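A.B. asks: What follows is coords-v4.json; its format and atoms are JSON, C-alpha atoms.
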```
[["chain", "number", "residue", "atom", "x", "y", "z"],
["A", 1, "MET", "CA", 13.47, 49.58, 70.15],
["A", 2, "LYS", "CA", 11.81, 52.98, 70.05],
["A", 3, "THR", "CA", 8.52, 53.79, 71.65],
["A", 4, "TRP", "CA", 5.50, 54.17, 69.36],
["A", 5, "GLU", "CA", 5.63, 57.94, 69.71],
["A", 6, "GLU", "CA", 9.30, 58.02, 68.64],
["A", 7, "LEU", "CA", 8.78, 56.12, 65.37],
["A", 8, "THR", "CA", 9.56, 57.88, 62.09],
["A", 9, "ILE", "CA", 9.46, 56.72, 58.48],
["A", 10, "GLN", "CA", 13.03, 55.46, 58.98],
["A", 11, "ASP", "CA", 11.66, 52.64, 61.15],
["A", 12, "ASN", "CA", 10.65, 49.51, 59.25],
["A", 13, "PHE", "CA", 7.33, 49.04, 61.04],
["A", 14, "LEU", "CA", 6.09, 52.49, 60.06],
["A", 15, "PHE", "CA", 7.78, 52.49, 56.64],
["A", 16, "GLN", "CA", 6.06, 49.24, 55.67],
["A", 17, "LYS", "CA", 2.66, 50.57, 56.74],
["A", 18, "VAL", "CA", 3.13, 53.77, 54.72],
["A", 19, "MET", "CA", 4.18, 51.82, 51.63],
["A", 20, "ARG", "CA", 1.01, 49.71, 51.87],
["A", 21, "ASN", "CA", -0.72, 52.81, 50.56],
["A", 22, "GLN", "CA", -0.82, 52.03, 46.84],
["A", 23, "ARG", "CA", -0.97, 55.64, 45.76],
["A", 24, "ILE", "CA", 2.16, 56.55, 47.75],
["A", 25, "CYS", "CA", 4.15, 53.47, 46.80],
["A", 26, "LYS", "CA", 3.23, 53.70, 43.11],
["A", 27, "HIS", "CA", 4.08, 57.41, 42.91],
["A", 28, "LEU", "CA", 7.43, 56.95, 44.64],
["A", 29, "ILE", "CA", 8.44, 54.11, 42.29],
["A", 30, "GLU", "CA", 7.39, 56.13, 39.24],
["A", 31, "LYS", "CA", 9.44, 59.12, 40.35],
["A", 32, "ILE", "CA", 12.55, 57.09, 41.26],
["A", 33, "LEU", "CA", 12.58, 55.17, 37.98],
["A", 34, "ARG", "CA", 11.00, 57.84, 35.77],
["A", 35, "ILE", "CA", 8.43, 55.40, 34.43],
["A", 36, "LYS", "CA", 4.65, 55.23, 34.30],
["A", 37, "ILE", "CA", 2.76, 52.47, 36.13],
["A", 38, "GLU", "CA", -0.94, 51.80, 35.73],
["A", 39, "GLU", "CA", -1.36, 49.68, 38.85],
["A", 40, "ILE", "CA", 0.60, 47.88, 41.55],
["A", 41, "THR", "CA", -0.37, 44.88, 43.66],
["A", 42, "TYR", "CA", 1.00, 43.33, 46.84],
["A", 43, "PRO", "CA", 1.28, 39.55, 46.27],
["A", 44, "GLU", "CA", 1.59, 38.91, 50.01],
["A", 45, "GLU", "CA", 1.03, 40.87, 53.23],
["A", 46, "GLU", "CA", 4.61, 40.22, 54.32],
["A", 47, "LYS", "CA", 6.90, 38.72, 51.70],
["A", 48, "THR", "CA", 9.26, 36.02, 52.94],
["A", 49, "ILE", "CA", 11.34, 33.93, 50.55],
["A", 50, "ASP", "CA", 12.75, 30.64, 51.82],
["A", 51, "ILE", "CA", 13.85, 28.54, 48.84],
["A", 52, "ARG", "CA", 15.62, 25.70, 50.65],
["A", 53, "LEU", "CA", 15.91, 24.50, 54.21],
["A", 54, "ASP", "CA", 19.68, 25.01, 54.11],
["A", 55, "SER", "CA", 19.58, 28.50, 52.51],
["A", 56, "LYS", "CA", 19.34, 31.90, 54.18],
["A", 57, "SER", "CA", 15.74, 33.13, 53.99],
["A", 58, "ILE", "CA", 14.88, 36.78, 53.43],
["A", 59, "ARG", "CA", 12.01, 38.96, 54.60],
["A", 60, "LEU", "CA", 11.35, 41.86, 52.26],
["A", 61, "ASP", "CA", 10.12, 45.24, 53.53],
["A", 62, "VAL", "CA", 7.97, 46.17, 50.52],
["A", 63, "TYR", "CA", 7.40, 43.72, 47.64],
["A", 64, "VAL", "CA", 5.10, 44.85, 44.83],
["A", 65, "LYS", "CA", 4.30, 43.89, 41.27],
["A", 66, "ASP", "CA", 2.98, 46.21, 38.56],
["A", 67, "ASP", "CA", 0.55, 45.67, 35.69],
["A", 68, "LYS", "CA", 3.41, 44.78, 33.31],
["A", 69, "GLY", "CA", 4.80, 42.10, 35.64],
["A", 70, "ARG", "CA", 7.77, 44.14, 36.88],
["A", 71, "ILE", "CA", 8.86, 43.34, 40.43],
["A", 72, "TYR", "CA", 9.94, 45.96, 42.98],
["A", 73, "ASP", "CA", 11.56, 45.30, 46.34],
["A", 74, "ILE", "CA", 11.97, 48.45, 48.46],
["A", 75, "GLU", "CA", 14.02, 48.38, 51.66],
["A", 76, "MET", "CA", 14.64, 51.02, 54.32],
["A", 77, "GLN", "CA", 18.25, 50.79, 55.53],
["A", 78, "VAL", "CA", 19.53, 52.79, 58.51],
["A", 79, "THR", "CA", 22.72, 50.83, 59.29],
["A", 80, "ASN", "CA", 25.66, 50.31, 56.96],
["A", 81, "GLY", "CA", 27.03, 47.10, 58.46],
["A", 82, "LYS", "CA", 30.34, 45.63, 57.43],
["A", 83, "GLN", "CA", 32.08, 46.75, 54.24],
["A", 84, "GLY", "CA", 30.38, 45.20, 51.22],
["A", 85, "GLU", "CA", 27.50, 43.79, 53.28],
["A", 86, "LEU", "CA", 24.72, 45.88, 51.76],
["A", 87, "GLU", "CA", 25.98, 45.46, 48.21],
["A", 88, "LYS", "CA", 26.10, 41.67, 48.66],
["A", 89, "ARG", "CA", 22.68, 41.71, 50.30],
["A", 90, "ALA", "CA", 21.24, 43.43, 47.22],
["A", 91, "ARG", "CA", 22.81, 40.70, 45.09],
["A", 92, "TYR", "CA", 21.39, 37.96, 47.33],
["A", 93, "TYR", "CA", 17.91, 39.50, 47.38],
["A", 94, "GLN", "CA", 17.95, 39.69, 43.59],
["A", 95, "GLY", "CA", 18.96, 36.04, 43.30],
["A", 96, "MET", "CA", 16.34, 34.83, 45.77],
["A", 97, "ILE", "CA", 13.60, 36.81, 44.04],
["A", 98, "ASP", "CA", 14.65, 35.35, 40.67],
["A", 99, "MET", "CA", 14.63, 31.80, 42.04],
["A", 100, "GLU", "CA", 11.05, 32.23, 43.19],
["A", 101, "LEU", "CA", 9.85, 33.87, 39.98],
["A", 102, "ILE", "CA", 10.30, 30.83, 37.73],
["A", 103, "GLU", "CA", 9.54, 27.18, 38.37],
["A", 104, "LYS", "CA", 11.82, 24.28, 37.48],
["A", 105, "GLY", "CA", 11.80, 23.73, 33.72],
["A", 106, "GLU", "CA", 10.53, 27.21, 32.84],
["A", 107, "PRO", "CA", 12.55, 29.18, 30.26],
["A", 108, "TYR", "CA", 14.80, 31.93, 31.62],
["A", 109, "GLU", "CA", 13.11, 34.54, 29.44],
["A", 110, "ASN", "CA", 10.11, 34.25, 31.77],
["A", 111, "LEU", "CA", 12.08, 36.07, 34.46],
["A", 112, "ASN", "CA", 10.35, 39.36, 35.25],
["A", 113, "PRO", "CA", 12.22, 42.68, 35.22],
["A", 114, "CYS", "CA", 13.24, 43.28, 38.83],
["A", 115, "TYR", "CA", 14.26, 46.35, 40.81],
["A", 116, "VAL", "CA", 15.87, 46.14, 44.25],
["A", 117, "ILE", "CA", 15.74, 49.58, 45.87],
["A", 118, "PHE", "CA", 17.52, 50.43, 49.13],
["A", 119, "ILE", "CA", 16.61, 53.72, 50.82],
["A", 120, "CYS", "CA", 19.71, 54.52, 52.91],
["A", 121, "THR", "CA", 20.20, 57.10, 55.64],
["A", 122, "PHE", "CA", 23.92, 57.19, 54.82],
["A", 123, "ASP", "CA", 26.10, 57.61, 51.73],
["A", 124, "LEU", "CA", 27.18, 54.05, 51.00],
["A", 125, "PHE", "CA", 29.50, 54.99, 48.12],
["A", 126, "LYS", "CA", 30.80, 58.34, 49.46],
["A", 127, "LYS", "CA", 30.10, 60.29, 46.22],
["A", 128, "ASN", "CA", 27.44, 62.64, 47.64],
["A", 129, "LEU", "CA", 24.95, 61.43, 45.04],
["A", 130, "PRO", "CA", 21.30, 61.15, 46.09],
["A", 131, "MET", "CA", 20.81, 58.03, 43.98],
["A", 132, "TYR", "CA", 23.13, 55.30, 42.67],
["A", 133, "THR", "CA", 21.67, 53.09, 39.94],
["A", 134, "PHE", "CA", 23.43, 49.89, 38.91],
["A", 135, "VAL", "CA", 22.79, 47.72, 35.86],
["A", 136, "ASN", "CA", 25.08, 45.08, 34.40],
["A", 137, "THR", "CA", 27.28, 46.60, 31.70],
["A", 138, "CYS", "CA", 30.20, 45.43, 29.61],
["A", 139, "LYS", "CA", 33.58, 46.31, 31.16],
["A", 140, "GLU", "CA", 35.12, 46.84, 27.73],
["A", 141, "ASP", "CA", 32.24, 48.96, 26.44],
["A", 142, "GLY", "CA", 30.40, 50.89, 29.14],
["A", 143, "GLU", "CA", 27.51, 51.70, 26.80],
["A", 144, "LEU", "CA", 26.75, 48.01, 26.24],
["A", 145, "GLU", "CA", 24.20, 46.70, 28.77],
["A", 146, "LEU", "CA", 23.72, 43.00, 29.44],
["A", 147, "GLY", "CA", 19.94, 43.34, 29.18],
["A", 148, "ASP", "CA", 19.11, 40.96, 32.03],
["A", 149, "GLU", "CA", 16.52, 43.49, 33.30],
["A", 150, "SER", "CA", 18.05, 43.48, 36.75],
["A", 151, "THR", "CA", 18.46, 46.87, 38.45],
["A", 152, "LYS", "CA", 19.76, 47.78, 41.89],
["A", 153, "ILE", "CA", 19.26, 51.29, 43.27],
["A", 154, "PHE", "CA", 20.66, 52.86, 46.43],
["A", 155, "LEU", "CA", 19.00, 56.11, 47.49],
["A", 156, "ASN", "CA", 21.05, 58.33, 49.81],
["A", 157, "SER", "CA", 19.18, 60.70, 52.13],
["A", 158, "LYS", "CA", 22.49, 62.49, 52.86],
["A", 159, "GLY", "CA", 23.21, 63.26, 49.19],
["A", 160, "ASP", "CA", 22.87, 66.48, 47.19],
["A", 161, "THR", "CA", 19.28, 66.34, 45.90],
["A", 162, "LYS", "CA", 19.22, 69.44, 43.69],
["A", 163, "ASP", "CA", 19.42, 67.50, 40.40],
["A", 164, "ILE", "CA", 16.84, 64.78, 41.03],
["A", 165, "ASP", "CA", 13.05, 64.70, 40.84],
["A", 166, "SER", "CA", 11.55, 67.13, 43.36],
["A", 167, "ASP", "CA", 9.28, 64.50, 44.93],
["A", 168, "VAL", "CA", 12.17, 62.06, 45.42],
["A", 169, "ALA", "CA", 14.26, 64.88, 46.88],
["A", 170, "ALA", "CA", 11.45, 65.85, 49.25],
["A", 171, "PHE", "CA", 11.02, 62.21, 50.29],
["A", 172, "LEU", "CA", 14.72, 61.85, 51.11],
["A", 173, "GLN", "CA", 14.64, 65.09, 53.09],
["A", 174, "TYR", "CA", 11.60, 63.78, 54.97],
["A", 175, "VAL", "CA", 13.52, 60.60, 55.78],
["A", 176, "GLU", "CA", 16.19, 62.90, 57.24],
["A", 177, "GLY", "CA", 13.58, 64.42, 59.54],
["A", 178, "HIS", "CA", 12.78, 67.61, 57.61],
["A", 179, "ALA", "CA", 9.26, 68.99, 57.23],
["A", 180, "PRO", "CA", 7.23, 67.64, 54.29],
["A", 181, "LYS", "CA", 7.50, 69.70, 51.09],
["A", 182, "GLY", "CA", 5.01, 69.57, 48.22],
["A", 183, "ASP", "CA", 1.68, 67.81, 47.71],
["A", 184, "PHE", "CA", 3.15, 64.29, 47.56],
["A", 185, "MET", "CA", 5.01, 64.61, 50.86],
["A", 186, "LYS", "CA", 1.99, 66.24, 52.46],
["A", 187, "HIS", "CA", 0.08, 63.08, 51.55],
["A", 188, "VAL", "CA", 2.89, 60.91, 52.97],
["A", 189, "ASP", "CA", 2.96, 62.90, 56.21],
["A", 190, "GLU", "CA", -0.82, 62.60, 56.54],
["A", 191, "GLU", "CA", -0.49, 58.85, 56.10],
["A", 192, "VAL", "CA", 2.16, 58.71, 58.84],
["A", 193, "THR", "CA", -0.16, 60.66, 61.15],
["A", 194, "ARG", "CA", -3.08, 58.36, 60.32],
["A", 195, "ILE", "CA", -1.01, 55.24, 61.01],
["A", 196, "LYS", "CA", 0.31, 56.54, 64.32],
["A", 197, "ALA", "CA", -3.27, 57.24, 65.42],
["A", 198, "HIS", "CA", -4.28, 53.63, 64.63],
["A", 199, "ARG", "CA", -4.78, 51.87, 67.98],
["A", 200, "GLU", "CA", -4.53, 48.33, 66.66],
["A", 201, "TRP", "CA", -1.22, 48.96, 64.90],
["A", 202, "ARG", "CA", 0.07, 50.66, 68.05],
["A", 203, "ARG", "CA", -0.82, 47.56, 70.08],
["A", 204, "SER", "CA", 0.85, 45.33, 67.46],
["A", 205, "TYR", "CA", 4.03, 47.36, 67.61],
["A", 206, "MET", "CA", 4.12, 47.46, 71.41],
["A", 207, "LYS", "CA", 3.64, 43.68, 71.50],
["A", 208, "LEU", "CA", 6.52, 43.28, 69.03],
["A", 209, "ARG", "CA", 8.64, 45.68, 71.09],
["A", 210, "ASP", "CA", 7.98, 43.70, 74.27],
["A", 211, "GLU", "CA", 8.83, 40.42, 72.53],
["A", 212, "MET", "CA", 12.08, 41.85, 71.15],
["A", 213, "THR", "CA", 13.03, 43.26, 74.55],
["A", 214, "ARG", "CA", 12.34, 39.90, 76.20],
["A", 215, "TYR", "CA", 14.28, 38.06, 73.50],
["A", 216, "GLY", "CA", 17.23, 40.43, 73.87],
["A", 217, "ARG", "CA", 17.25, 39.92, 77.64],
["A", 218, "MET", "CA", 17.18, 36.14, 77.21],
["A", 219, "GLU", "CA", 20.06, 36.29, 74.72],
["A", 220, "ARG", "CA", 22.15, 38.44, 77.10],
["A", 221, "GLU", "CA", 21.47, 36.08, 79.98],
["A", 222, "LYS", "CA", 22.40, 33.11, 77.78],
["A", 223, "ALA", "CA", 25.64, 34.79, 76.68],
["A", 224, "LEU", "CA", 26.48, 35.66, 80.27],
["A", 225, "ALA", "CA", 25.86, 32.08, 81.43],
["A", 226, "GLU", "CA", 27.94, 30.67, 78.57],
["A", 227, "GLY", "CA", 30.73, 33.13, 79.36],
["A", 228, "MET", "CA", 30.72, 32.15, 83.03],
["A", 229, "GLU", "CA", 30.77, 28.44, 82.16],
["A", 230, "LYS", "CA", 33.64, 28.93, 79.70],
["A", 231, "GLY", "CA", 35.57, 30.95, 82.26],
["A", 232, "LEU", "CA", 35.03, 28.24, 84.88],
["A", 233, "GLN", "CA", 36.25, 25.54, 82.48],
["A", 234, "GLN", "CA", 39.34, 27.56, 81.59],
["A", 235, "GLY", "CA", 40.06, 28.15, 85.26],
["A", 236, "MET", "CA", 39.78, 24.44, 86.00],
["A", 237, "GLN", "CA", 42.10, 23.59, 83.11],
["A", 238, "GLN", "CA", 44.66, 26.13, 84.24],
["A", 239, "GLY", "CA", 44.49, 24.75, 87.77],
["A", 240, "MET", "CA", 45.11, 21.20, 86.51],
["A", 241, "HIS", "CA", 48.28, 22.30, 84.70],
["A", 242, "LYS", "CA", 49.84, 24.09, 87.66]]
```
What do you get writing this file as structure tokens?
C.D. replies:
Amino acid sequence: MKTWEELTIQDNFLFQKVMRNQRICKHLIEKILRIKIEEITYPEEEKTIDIRLDSKSIRLDVYVKDDKGRIYDIEMQVTNGKQGELEKRARYYQGMIDMELIEKGEPYENLNPCYVIFICTFDLFKKNLPMYTFVNTCKEDGELELGDESTKIFLNSKGDTKDIDSDVAAFLQYVEGHAPKGDFMKHVDEEVTRIKAHREWRRSYMKLRDEMTRYGRMEREKALAEGMEKGLQQGMQQGMHK
């Protein structure tokens, strides 16, 4: 993990803190979706969804709800992973959010409109677009939408940003490490500076970093011990068959 001084908005710890600023988060959502929002709220400090004991739980980076009940999950993504992994993760996040939104016996029409937004530092779909928006449409008639109010968006900081909203373009360029452009990004950059000057958050991050380093060391030692034991067993078995 990076040192505190090395952190940028690409890093989840800092990204989450920045997005806790309602003004920044609200403005970014409005610009991405080209909608107007009166107010957003954060239902929980850190949103974790764990529906069943035998299901894979998820921890969401930024989970907010607006005054009309629309749900937004915003994730910073700096690694692509295996082919299809991120696309399937977006699907899984959507499903888990839906399962939590309605209780058993509630009608399906009570499901809130939901947006899963991934901010990527790579071009997942290799089309050089700055933003890829997916809704469910009819294969036979591309103009016919299913109307399930489910939207998945992948922002691409490597894409050509000349045709998108200037604030979204400036945000993606900032993610890429460029200087802040415009009033909105000046506000974002000031928030980053304020957060990095916060002593308590610095201590929290350093504690997390130490715990992750210790955990990684323990996992390596465990893997090494298991490898040595497996090698010893294989050697013994080979010796018995000679």
A.B. asks: Any chance you could work out the axis-aligned box around region 191-204 of chain A, listed atoms only, 4 Å on each side, giving centre and edge lengths in Å to one decimal, as lines of an AutoDock Vina configuration file?
C.D. replies:
```
center_x = -1.3
center_y = 53.0
center_z = 63.1
size_x = 14.9
size_y = 23.3
size_z = 22.0
```
A.B. asks: From the set A:Lys36, A:Lys158, A:Arg20, A:Lys152, which residue has the shortest atom-to-atom contact distance to Phe171 (chain A), counting only C-alpha atoms?
C.D. replies: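 Among the listed residues, A:Lys158 lies closest to Phe171 (chain A).
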A.B. asks: Just the number, please: distance in Å from CA of Arg70 (chain A) to CA of Ile117 (chain A), one decimal.
C.D. replies: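 So the answer is 13.2 Å.
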A.B. asks: When you draw a straight line from CA of Tyr132 (chain A) to CA of Glu145 (chain A), how long is it in Å?
C.D. replies: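 Separating CA of Tyr132 (chain A) from CA of Glu145 (chain A) is a distance of 16.4 Å.
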A.B. asks: Can you work out which one of A:Ile29, A:Thr3, A:Gly84, A:Met96 has the shortest atom-to-atom distance to Thr48 (chain A), counting all atoms listed in the file?
C.D. replies: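 Comparing A:Ile29, A:Thr3, A:Gly84, A:Met96 against Thr48 (chain A), the winner is A:Met96.
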A.B. asks: Would you mind reading off the distance between CA of His178 (chain A) and CA of Gln77 (chain A), one decimal, in Å?
C.D. replies: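 A separation of 17.8 Å between them.
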A.B. asks: Just checking: using all atoms listed in the file, which residue out of A:Ile49, A:Ile97, A:Val78, A:Cys138 ends up closest to Asn156 (chain A)?
C.D. replies: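 Answer, going by the shortest atom-to-atom distance: A:Val78.
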A.B. asks: If you count only C-alpha atoms, which residues fall within 12 Å of Lys186 (chain A), apart from same-chain ones fewer than 5 positions away, as an NGL selection string?
C.D. replies: :A and (24 or 167 or 170-171 or 174 or 179-181 or 191-193)
A.B. asks: Find the residue from A:Asp66, A:Glu149, A:Glu140, A:Glu190 that sits nearest to Ile40 (chain A); use only C-alpha atoms when measuring.
C.D. replies: A:Asp66
A.B. asks: Excluding Arg59 (chain A) and any residue of its chain fewer than 3 positions from it, enumerate the residues within 12 Å of it, using all atoms listed in the file, and give them as an mmCIF file with C-alpha atoms, keeping the file's coordinate frame.
C.D. replies:
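Result file follows (around_19.cif):
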```cif
data_model
loop_
_atom_site.group_PDB
_atom_site.id
_atom_site.type_symbol
_atom_site.label_atom_id
_atom_site.label_comp_id
_atom_site.auth_asym_id
_atom_site.auth_seq_id
_atom_site.Cartn_x
_atom_site.Cartn_y
_atom_site.Cartn_z
ATOM 1 C CA ASN A 12 10.650 49.510 59.250
ATOM 2 C CA GLN A 16 6.060 49.240 55.670
ATOM 3 C CA GLU A 44 1.590 38.910 50.010
ATOM 4 C CA GLU A 45 1.030 40.870 53.230
ATOM 5 C CA GLU A 46 4.610 40.220 54.320
ATOM 6 C CA LYS A 47 6.900 38.720 51.700
ATOM 7 C CA THR A 48 9.260 36.020 52.940
ATOM 8 C CA ILE A 49 11.340 33.930 50.550
ATOM 9 C CA ASP A 50 12.750 30.640 51.820
ATOM 10 C CA LYS A 56 19.340 31.900 54.180
ATOM 11 C CA VAL A 62 7.970 46.170 50.520
ATOM 12 C CA TYR A 63 7.400 43.720 47.640
ATOM 13 C CA ASP A 73 11.560 45.300 46.340
ATOM 14 C CA ILE A 74 11.970 48.450 48.460
ATOM 15 C CA GLU A 75 14.020 48.380 51.660
ATOM 16 C CA ARG A 89 22.680 41.710 50.300
ATOM 17 C CA TYR A 92 21.390 37.960 47.330
ATOM 18 C CA TYR A 93 17.910 39.500 47.380
ATOM 19 C CA MET A 96 16.340 34.830 45.770
ATOM 20 C CA ILE A 97 13.600 36.810 44.040
#
```
A.B. asks: Excluding Met1 (chain A) and its own-chain neighbours fewer than 5 positions away, which residues fall within 12 Å of it when counting all atoms listed in the file? Please give them as a VMD selection string.
C.D. replies: chain A and resid 6 to 7 11 to 13 205 to 214 216
A.B. asks: Excluding same-chain residues fewer than 3 positions from Gly69 (chain A), what lies within 8 Å of it counting all atoms listed in the file, as a list of chain:residue names?
C.D. replies: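 My reading of the contact set: A:Lys65, A:Asp66, A:Asn112, A:Pro113.
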A.B. asks: Store the residues of this selection in a file with C-alpha atoms, as a CSV table (one decimal), keeping the file's coordinate frame.
C.D. replies:
```
chain,number,residue,atom,x,y,z
A,65,LYS,CA,4.3,43.9,41.3
A,66,ASP,CA,3.0,46.2,38.6
A,112,ASN,CA,10.4,39.4,35.2
A,113,PRO,CA,12.2,42.7,35.2
```
A.B. asks: Just want the 10 Å neighbourhood of Leu101 (chain A), counted on only C-alpha atoms, with same-chain residues fewer than 5 positions away dropped. Output as an MDAnalysis selection string.
C.D. replies: chainID A and resid 71 95:96 106 108 110:112
A.B. asks: Limited to C-alpha atoms, could you put the picked residues into a file as a short mmCIF file (atom, residue, chain, number, x, y, z; two decimals), in the coordinates of the input?
C.D. replies:
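This is the output file part-v5.cif:
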```
data_model
loop_
_atom_site.label_atom_id
_atom_site.label_comp_id
_atom_site.auth_asym_id
_atom_site.auth_seq_id
_atom_site.Cartn_x
_atom_site.Cartn_y
_atom_site.Cartn_z
CA ILE A 71 8.86 43.34 40.43
CA GLY A 95 18.96 36.04 43.30
CA MET A 96 16.34 34.83 45.77
CA GLU A 106 10.53 27.21 32.84
CA TYR A 108 14.80 31.93 31.62
CA ASN A 110 10.11 34.25 31.77
CA LEU A 111 12.08 36.07 34.46
CA ASN A 112 10.35 39.36 35.25
#
```
A.B. asks: Could you check which of A:Gly182, A:Ile164, A:Gly105, A:Val116 is closest to Thr151 (chain A), using only C-alpha atoms?
C.D. replies: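 Looking at the shortest contact to Thr151 (chain A), the residue is A:Val116.
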A.B. asks: Would you please work out which residue, of A:Leu124, A:Val64, A:Met185, A:Leu86, is nearest to Ile9 (chain A) when using all atoms listed in the file?
C.D. replies: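 Among the listed residues, A:Met185 lies closest to Ile9 (chain A).
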A.B. asks: Take the point (13.6, 60.6, 41.7) in the file's coordinates, draw a sphere of radius 9 Å around it, and report as number ranges by chain every protein, DNA or RNA residue with an atom inside or on it, counting all atoms listed in the file.
C.D. replies: A: 28-34, 130-131, 164-169
